[in-house]
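Q: Have a peek at protein.cif (mmCIF, C-alpha atoms).
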```cif
data_protein
#
loop_
_atom_site.label_atom_id
_atom_site.label_comp_id
_atom_site.auth_asym_id
_atom_site.auth_seq_id
_atom_site.Cartn_x
_atom_site.Cartn_y
_atom_site.Cartn_z
CA MET A 641 0.00 0.00 0.00
CA PRO A 642 1.50 3.39 -1.00
CA VAL A 643 2.57 5.74 1.77
CA SER A 644 0.19 8.69 2.17
CA LEU A 645 1.54 12.22 1.92
CA PRO A 646 2.46 13.37 5.47
CA PRO A 647 0.57 16.56 6.43
CA ALA A 648 3.78 18.48 7.16
CA LEU A 649 5.21 17.55 3.75
CA ASP A 650 1.97 18.62 2.09
CA LEU A 651 2.28 21.93 3.96
CA SER A 652 5.75 22.50 2.44
CA LEU A 653 5.16 21.05 -1.02
CA ASP A 654 5.12 24.45 -2.72
CA LEU A 655 8.74 25.03 -1.58
CA LEU A 656 10.12 22.01 -3.40
CA ARG A 657 11.48 21.77 -6.92
CA CYS A 658 12.43 18.69 -8.90
CA PRO A 659 16.14 18.03 -8.21
CA THR A 660 16.54 16.69 -11.75
CA CYS A 661 14.74 19.44 -13.67
CA ARG A 662 15.70 22.09 -11.09
CA THR A 663 12.78 24.39 -11.90
CA ARG A 664 9.62 22.28 -12.08
CA ARG A 665 7.36 21.97 -9.05
CA LEU A 666 6.70 18.65 -7.40
CA HIS A 667 3.22 17.32 -6.76
CA SER A 668 2.00 14.37 -4.75
CA ALA A 669 1.43 10.96 -6.29
CA PRO A 670 0.67 7.65 -4.55
CA GLY A 671 3.62 7.07 -2.21
CA ALA A 672 5.80 9.58 -4.04
CA LEU A 673 6.48 13.11 -5.24
CA ARG A 674 6.53 13.66 -8.99
CA CYS A 675 7.32 16.50 -11.38
CA PRO A 676 5.33 17.21 -14.58
CA VAL A 677 7.99 15.49 -16.70
CA GLY A 678 7.66 12.31 -14.66
CA HIS A 679 10.69 12.29 -12.37
CA THR A 680 9.53 10.45 -9.27
CA PHE A 681 10.85 10.42 -5.70
CA ASP A 682 9.68 8.06 -3.01
CA ILE A 683 8.15 9.04 0.28
CA ALA A 684 9.59 6.73 2.92
CA ARG A 685 7.21 5.00 5.29
CA HIS A 686 8.87 7.01 8.07
CA GLY A 687 7.53 10.21 6.50
CA TYR A 688 10.47 11.89 4.77
CA ALA A 689 10.89 12.43 1.02
CA GLY A 690 13.96 10.95 -0.66
CA LEU A 691 15.08 13.54 -3.22
CA LEU A 692 18.76 12.56 -3.46
CA THR A 693 19.71 11.46 -6.95
CA GLY A 694 22.87 9.95 -8.41
CA THR A 695 25.76 9.23 -6.06
CA ARG A 696 24.61 9.11 -2.48
CA ALA A 697 26.20 11.29 0.17
CA THR A 698 28.22 9.26 2.66
CA SER A 699 28.67 11.72 5.50
CA GLY A 700 25.29 11.34 7.19
CA ASP A 701 24.93 10.03 10.73
CA ASP A 702 24.53 6.26 11.00
CA ALA A 703 22.06 4.47 13.28
CA VAL A 704 24.39 4.34 16.29
CA MET A 705 25.17 8.07 16.02
CA VAL A 706 21.49 8.97 15.73
CA GLN A 707 20.56 6.84 18.73
CA ALA A 708 23.31 8.48 20.79
CA ARG A 709 22.22 11.94 19.64
CA THR A 710 18.60 11.27 20.52
CA ARG A 711 19.51 10.07 24.01
CA PHE A 712 21.88 12.97 24.66
CA LEU A 713 19.53 15.70 23.41
CA SER A 714 16.76 14.27 25.61
CA THR A 715 18.86 15.13 28.69
CA GLY A 716 18.40 18.86 28.05
CA VAL A 717 22.12 19.64 28.22
CA TYR A 718 21.89 21.40 24.85
CA ALA A 719 18.51 23.03 25.53
CA PRO A 720 20.13 26.49 25.97
CA ILE A 721 21.67 26.13 22.50
CA ARG A 722 18.27 25.34 21.06
CA ALA A 723 16.80 28.32 22.92
CA VAL A 724 19.33 30.87 21.62
CA GLY A 725 18.98 29.61 18.04
CA ALA A 726 15.20 29.73 18.29
CA ARG A 727 15.20 33.23 19.76
CA LEU A 728 17.44 34.62 17.02
CA ALA A 729 15.34 32.90 14.37
CA THR A 730 11.97 34.02 15.70
CA ASP A 731 13.06 37.64 15.74
CA PHE A 732 12.91 37.57 11.93
CA VAL A 733 10.08 35.18 11.01
CA PRO A 734 6.70 36.71 10.14
CA GLU A 735 3.42 34.95 10.79
CA PRO A 736 3.09 32.66 8.93
CA GLY A 737 6.72 32.01 8.04
CA THR A 738 9.02 29.36 6.63
CA VAL A 739 12.10 27.94 8.35
CA VAL A 740 14.57 25.73 6.47
CA ASP A 741 16.96 23.76 8.68
CA VAL A 742 20.03 22.60 6.74
CA GLY A 743 21.75 19.57 8.23
CA CYS A 744 18.72 19.19 10.48
CA GLY A 745 19.72 15.87 12.04
CA THR A 746 16.87 14.60 14.20
CA GLY A 747 14.98 17.91 13.94
CA TYR A 748 15.70 18.96 17.53
CA TYR A 749 16.64 22.56 16.73
CA LEU A 750 13.98 23.05 14.06
CA ALA A 751 11.31 21.88 16.50
CA GLY A 752 12.57 24.45 18.99
CA VAL A 753 11.99 27.25 16.48
CA LEU A 754 8.54 26.00 15.48
CA ASP A 755 7.49 25.71 19.13
CA ARG A 756 7.96 29.48 19.38
CA LEU A 757 6.15 30.20 16.10
CA PRO A 758 2.63 28.71 16.09
CA GLY A 759 1.96 29.85 12.50
CA ALA A 760 5.28 28.81 10.93
CA ARG A 761 6.20 25.73 8.93
CA GLY A 762 9.57 24.01 8.79
CA LEU A 763 11.56 21.93 6.34
CA GLY A 764 14.64 19.95 7.34
CA LEU A 765 17.34 18.77 4.93
CA ASP A 766 19.82 16.04 5.83
CA THR A 767 21.74 13.20 4.18
CA SER A 768 21.15 10.70 6.98
CA VAL A 769 18.06 8.59 6.45
CA ARG A 770 18.39 7.41 10.06
CA ALA A 771 18.22 10.98 11.33
CA LEU A 772 15.41 11.87 8.92
CA ARG A 773 13.21 9.18 10.43
CA SER A 774 13.27 11.23 13.63
CA ALA A 775 13.18 14.63 11.89
CA ALA A 776 9.96 13.70 10.07
CA ARG A 777 8.33 13.19 13.48
CA ALA A 778 10.04 16.00 15.38
CA HIS A 779 7.16 18.46 14.99
CA ASP A 780 3.74 18.37 13.38
CA ARG A 781 4.68 21.33 11.14
CA ALA A 782 8.15 20.07 10.18
CA ALA A 783 8.71 18.16 6.95
CA ALA A 784 11.94 16.30 6.20
CA VAL A 785 13.79 15.70 2.94
CA ALA A 786 16.88 13.66 2.15
CA TRP A 787 19.40 16.02 0.56
CA ASP A 788 23.11 16.85 0.45
CA VAL A 789 23.95 20.39 1.62
CA PHE A 790 26.78 20.68 -0.90
CA ARG A 791 24.45 20.33 -3.89
CA PRO A 792 22.02 22.97 -5.16
CA PHE A 793 18.98 22.68 -2.92
CA PRO A 794 15.72 21.24 -4.33
CA LEU A 795 13.96 24.46 -3.34
CA ALA A 796 12.55 27.45 -5.19
CA ASP A 797 14.23 30.85 -4.98
CA ALA A 798 13.44 33.21 -2.08
CA VAL A 799 11.10 30.91 -0.17
CA ALA A 800 12.63 30.91 3.34
CA ASP A 801 12.32 33.52 6.05
CA VAL A 802 15.04 31.79 8.07
CA VAL A 803 17.74 29.31 7.15
CA LEU A 804 18.95 27.51 10.27
CA ASP A 805 22.41 25.92 10.41
CA VAL A 806 23.36 24.38 13.76
CA PHE A 807 26.61 22.39 13.94
CA ALA A 808 26.13 21.62 10.25
CA PRO A 809 27.96 22.05 6.93
CA ARG A 810 27.29 25.27 5.04
CA ASN A 811 26.52 26.26 1.47
CA PRO A 812 26.35 30.08 1.57
CA ALA A 813 25.44 30.53 -2.11
CA GLU A 814 22.41 28.28 -1.73
CA PHE A 815 21.47 29.82 1.60
CA HIS A 816 21.41 33.19 -0.15
CA ARG A 817 19.37 31.90 -3.10
CA VAL A 818 16.58 30.35 -1.03
CA LEU A 819 16.32 33.20 1.51
CA ARG A 820 13.95 36.09 1.02
CA ARG A 821 15.58 39.52 0.93
CA ALA A 822 14.33 40.30 4.43
CA GLY A 823 15.24 36.83 5.68
CA ARG A 824 17.97 35.76 8.06
CA LEU A 825 20.60 33.04 8.18
CA ILE A 826 21.23 31.70 11.69
CA VAL A 827 24.54 29.89 12.16
CA VAL A 828 25.43 28.18 15.44
CA ARG A 829 28.93 26.73 15.77
CA PRO A 830 31.32 25.69 18.56
CA THR A 831 34.12 27.84 19.94
CA GLY A 832 37.54 26.42 20.74
CA ARG A 833 36.46 25.92 24.37
CA HIS A 834 33.48 23.73 23.47
CA LEU A 835 33.74 20.36 25.27
CA ALA A 836 37.36 21.15 26.11
CA GLU A 837 37.38 18.83 29.12
CA LEU A 838 36.13 15.91 27.05
CA ARG A 839 38.59 16.57 24.23
CA GLY A 840 41.38 16.77 26.79
CA ARG A 841 40.54 13.34 28.17
CA VAL A 842 39.89 11.70 24.78
CA PRO A 843 42.77 12.80 22.51
CA ALA A 844 41.34 10.94 19.52
CA MET A 845 38.33 13.27 19.36
CA VAL A 846 38.23 15.63 16.39
CA ARG A 847 39.72 19.00 17.28
CA ILE A 848 38.10 22.35 16.51
CA ASP A 849 40.12 24.19 13.89
CA PRO A 850 41.40 27.47 15.41
CA ALA A 851 40.90 29.10 11.98
CA LYS A 852 37.23 28.04 11.90
CA GLU A 853 35.87 31.56 12.42
CA GLN A 854 38.07 33.04 9.70
CA ARG A 855 36.98 30.35 7.27
CA LEU A 856 33.34 30.97 8.12
CA HIS A 857 33.77 34.71 7.52
CA ARG A 858 35.49 34.17 4.16
CA ALA A 859 32.78 31.77 3.01
CA VAL A 860 29.79 33.80 4.16
CA SER A 861 30.84 37.43 3.61
CA PRO A 862 30.28 37.52 -0.20
CA PHE A 863 26.62 36.70 0.44
CA PHE A 864 25.77 37.91 3.97
CA GLU A 865 26.65 40.44 6.61
CA ALA A 866 26.39 39.77 10.34
CA VAL A 867 23.58 41.49 12.23
CA VAL A 868 24.27 40.16 15.71
CA THR A 869 26.49 37.52 17.29
CA GLU A 870 25.83 36.04 20.71
CA GLN A 871 28.16 33.85 22.72
CA LEU A 872 26.65 31.17 24.91
CA GLU A 873 28.90 29.43 27.42
CA TYR A 874 28.05 27.36 30.46
CA SER A 875 29.21 24.37 32.47
CA ALA A 876 27.12 21.20 32.27
CA SER A 877 27.27 18.07 34.39
CA LEU A 878 27.44 14.71 32.62
CA SER A 879 26.86 11.16 33.65
CA ARG A 880 29.25 8.62 32.16
CA SER A 881 26.54 7.47 29.72
CA ASP A 882 25.92 11.11 28.71
CA ALA A 883 29.63 11.57 27.99
CA LEU A 884 29.75 8.37 25.95
CA ASP A 885 26.73 9.52 23.93
CA LEU A 886 28.30 12.94 23.42
CA VAL A 887 31.34 11.30 21.84
CA ALA A 888 29.27 8.79 19.88
CA MET A 889 26.93 11.37 18.32
CA THR A 890 29.71 13.42 16.70
CA PRO A 891 32.12 12.77 13.81
CA SER A 892 34.63 11.88 16.53
CA ALA A 893 32.86 8.53 16.80
CA HIS A 894 34.72 7.49 13.64
CA HIS A 895 38.07 8.20 15.27
CA VAL A 896 37.62 7.04 18.87
CA SER A 897 38.15 3.36 19.67
CA ARG A 898 36.68 1.35 22.52
CA ALA A 899 40.11 1.37 24.14
CA ASP A 900 39.95 5.18 24.32
CA LEU A 901 36.77 4.95 26.41
CA ASN A 902 37.10 1.75 28.41
CA ASP A 903 38.84 3.31 31.42
CA GLY A 904 36.04 4.24 33.80
CA GLY A 905 37.93 7.32 34.98
CA VAL A 906 38.78 8.76 31.58
CA LEU A 907 35.61 10.77 30.99
CA PRO A 908 34.87 14.07 32.80
CA ASP A 909 31.72 14.61 34.82
CA ARG A 910 31.46 18.26 33.72
CA VAL A 911 32.10 19.95 30.39
CA THR A 912 32.11 23.50 29.07
CA VAL A 913 29.47 24.12 26.43
CA SER A 914 30.58 27.08 24.32
CA VAL A 915 29.02 28.24 21.06
CA LEU A 916 28.61 31.33 18.92
CA ALA A 917 25.26 32.10 17.32
CA THR A 918 25.12 34.68 14.53
CA ALA A 919 22.18 36.13 12.62
CA TYR A 920 23.15 37.24 9.10
CA ARG A 921 21.19 39.28 6.57
CA PRO A 922 21.57 38.80 2.81
CA ARG A 923 23.71 41.27 0.89
#
```
Take the structure from the file and write it as structure tokens.

A:
Amino acid sequence: MPVSLPPALDLSLDLLRCPTCRTRRLHSAPGALRCPVGHTFDIARHGYAGLLTGTRATSGDDAVMVQARTRFLSTGVYAPIRAVGARLATDFVPEPGTVVDVGCGTGYYLAGVLDRLPGARGLGLDTSVRALRSAARAHDRAAAVAWDVFRPFPLADAVADVVLDVFAPRNPAEFHRVLRRAGRLIVVRPTGRHLAELRGRVPAMVRIDPAKEQRLHRAVSPFFEAVVTEQLEYSASLSRSDALDLVAMTPSAHHVSRADLNDGGVLPDRVTVSVLATAYRPR
């Protein structure tokens, strides 16, 4: 039996464009989305639309990473990060508005924005089908689509009031194309102090590039100018299982072995959470 069109995906259908034709709108068909020429894209039984074509992206979170992320985010340790991103976003979204979350993961941050905007709709893009299963259920007004951030987005021009990018890869040219002129790009990224205690105890964890801010500025400045930047920093207590999930939910999971984590005393019981959140306006 074909999968029915999820209500949230129906709500965002006008945003989408055929990733093959690039300009033609998609419409619903039994268990799929289809363009007028006939290009067809399945709707997964979990509720997300699979628009990726050709070579699949390989960088998406796997099942173990998604499970760890879900457990860790449920602790509320990152709730202040969600709150600052949502506050910056909601300052610029009209009623009703459209929020596009790029690299949405499980939809945790997008849901935080939509909770503050009763009339808004959201669309999350991610390469990980495991994460998209959660993102498609993260909020009743959030749709989810499988897509690679480094490709031209399967979205029409100037359709988003906010593009949200939290701990995710960036494609500034596409962010600029899909944003309305009065829209805002919200970028949340770690500082060099983020999780410093954990990185100090687990040397195999991926380090934060000290030139990260300069690279962000060079990439974004041709398309955007910063309106406001806020720094959020606080100390958070962790159980051992929380710390293990925090390692397992990040790209560091590919570099850390069991031996790195087996010593019961190796993981800290407190970490510094330190991020920068910037709202940009299009040039």

Q: Just checking: using all atoms listed in the file, which residue out of A:Thr869, A:Ser714, A:Ser861, A:Ser875 ends up closest to Ala836 in chain A?

A: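 Looking at the shortest contact to Ala836 in chain A, the residue is A:Ser875.
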
Q: Using the chain letters and numbers from the file, give me the residues hit by the PyMOL selection byres ((chain A and resi 751-766) around 7), as a count of residues only.

A: 33

Q: Pull out every residue that the PyMOL selection byres ((chain A and resi 804) around 6) matches in the shown coordinates and put them as a CSV table (one decimal) with C-alpha atoms, in the coordinates of the input.

A:
```
chain,number,residue,atom,x,y,z
A,741,ASP,CA,17.0,23.8,8.7
A,803,VAL,CA,17.7,29.3,7.2
A,805,ASP,CA,22.4,25.9,10.4
A,826,ILE,CA,21.2,31.7,11.7
```

Q: Which residue is closest to Ser881 in chain A? Choose from A:Arg662, A:His667, A:His834, A:Arg709 and count all atoms listed in the file.

A: A:Arg709

Q: Please compute the CA of Ala808 in chain A-CA of Gly687 in chain A distance, one decimal, in Å.

A: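 Computing it gives 22.1 Å between the two atoms.
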
Q: Residue by residue, what does the PyMOL selection byres ((chain A and resi 888) around 12) grab here? Present the result as a VMD selection string.

A: chain A and resid 701 to 712 845 to 846 881 to 887 889 to 898 901

Q: Quick one: write out the picked residues with C-alpha atoms as a CSV table (one decimal), keeping the file's coordinate frame?

A:
```csv
chain,number,residue,atom,x,y,z
A,701,ASP,CA,24.9,10.0,10.7
A,702,ASP,CA,24.5,6.3,11.0
A,703,ALA,CA,22.1,4.5,13.3
A,704,VAL,CA,24.4,4.3,16.3
A,705,MET,CA,25.2,8.1,16.0
A,706,VAL,CA,21.5,9.0,15.7
A,707,GLN,CA,20.6,6.8,18.7
A,708,ALA,CA,23.3,8.5,20.8
A,709,ARG,CA,22.2,11.9,19.6
A,710,THR,CA,18.6,11.3,20.5
A,711,ARG,CA,19.5,10.1,24.0
A,712,PHE,CA,21.9,13.0,24.7
A,845,MET,CA,38.3,13.3,19.4
A,846,VAL,CA,38.2,15.6,16.4
A,881,SER,CA,26.5,7.5,29.7
A,882,ASP,CA,25.9,11.1,28.7
A,883,ALA,CA,29.6,11.6,28.0
A,884,LEU,CA,29.8,8.4,26.0
A,885,ASP,CA,26.7,9.5,23.9
A,886,LEU,CA,28.3,12.9,23.4
A,887,VAL,CA,31.3,11.3,21.8
A,889,MET,CA,26.9,11.4,18.3
A,890,THR,CA,29.7,13.4,16.7
A,891,PRO,CA,32.1,12.8,13.8
A,892,SER,CA,34.6,11.9,16.5
A,893,ALA,CA,32.9,8.5,16.8
A,894,HIS,CA,34.7,7.5,13.6
A,895,HIS,CA,38.1,8.2,15.3
A,896,VAL,CA,37.6,7.0,18.9
A,897,SER,CA,38.2,3.4,19.7
A,898,ARG,CA,36.7,1.4,22.5
A,901,LEU,CA,36.8,5.0,26.4
```
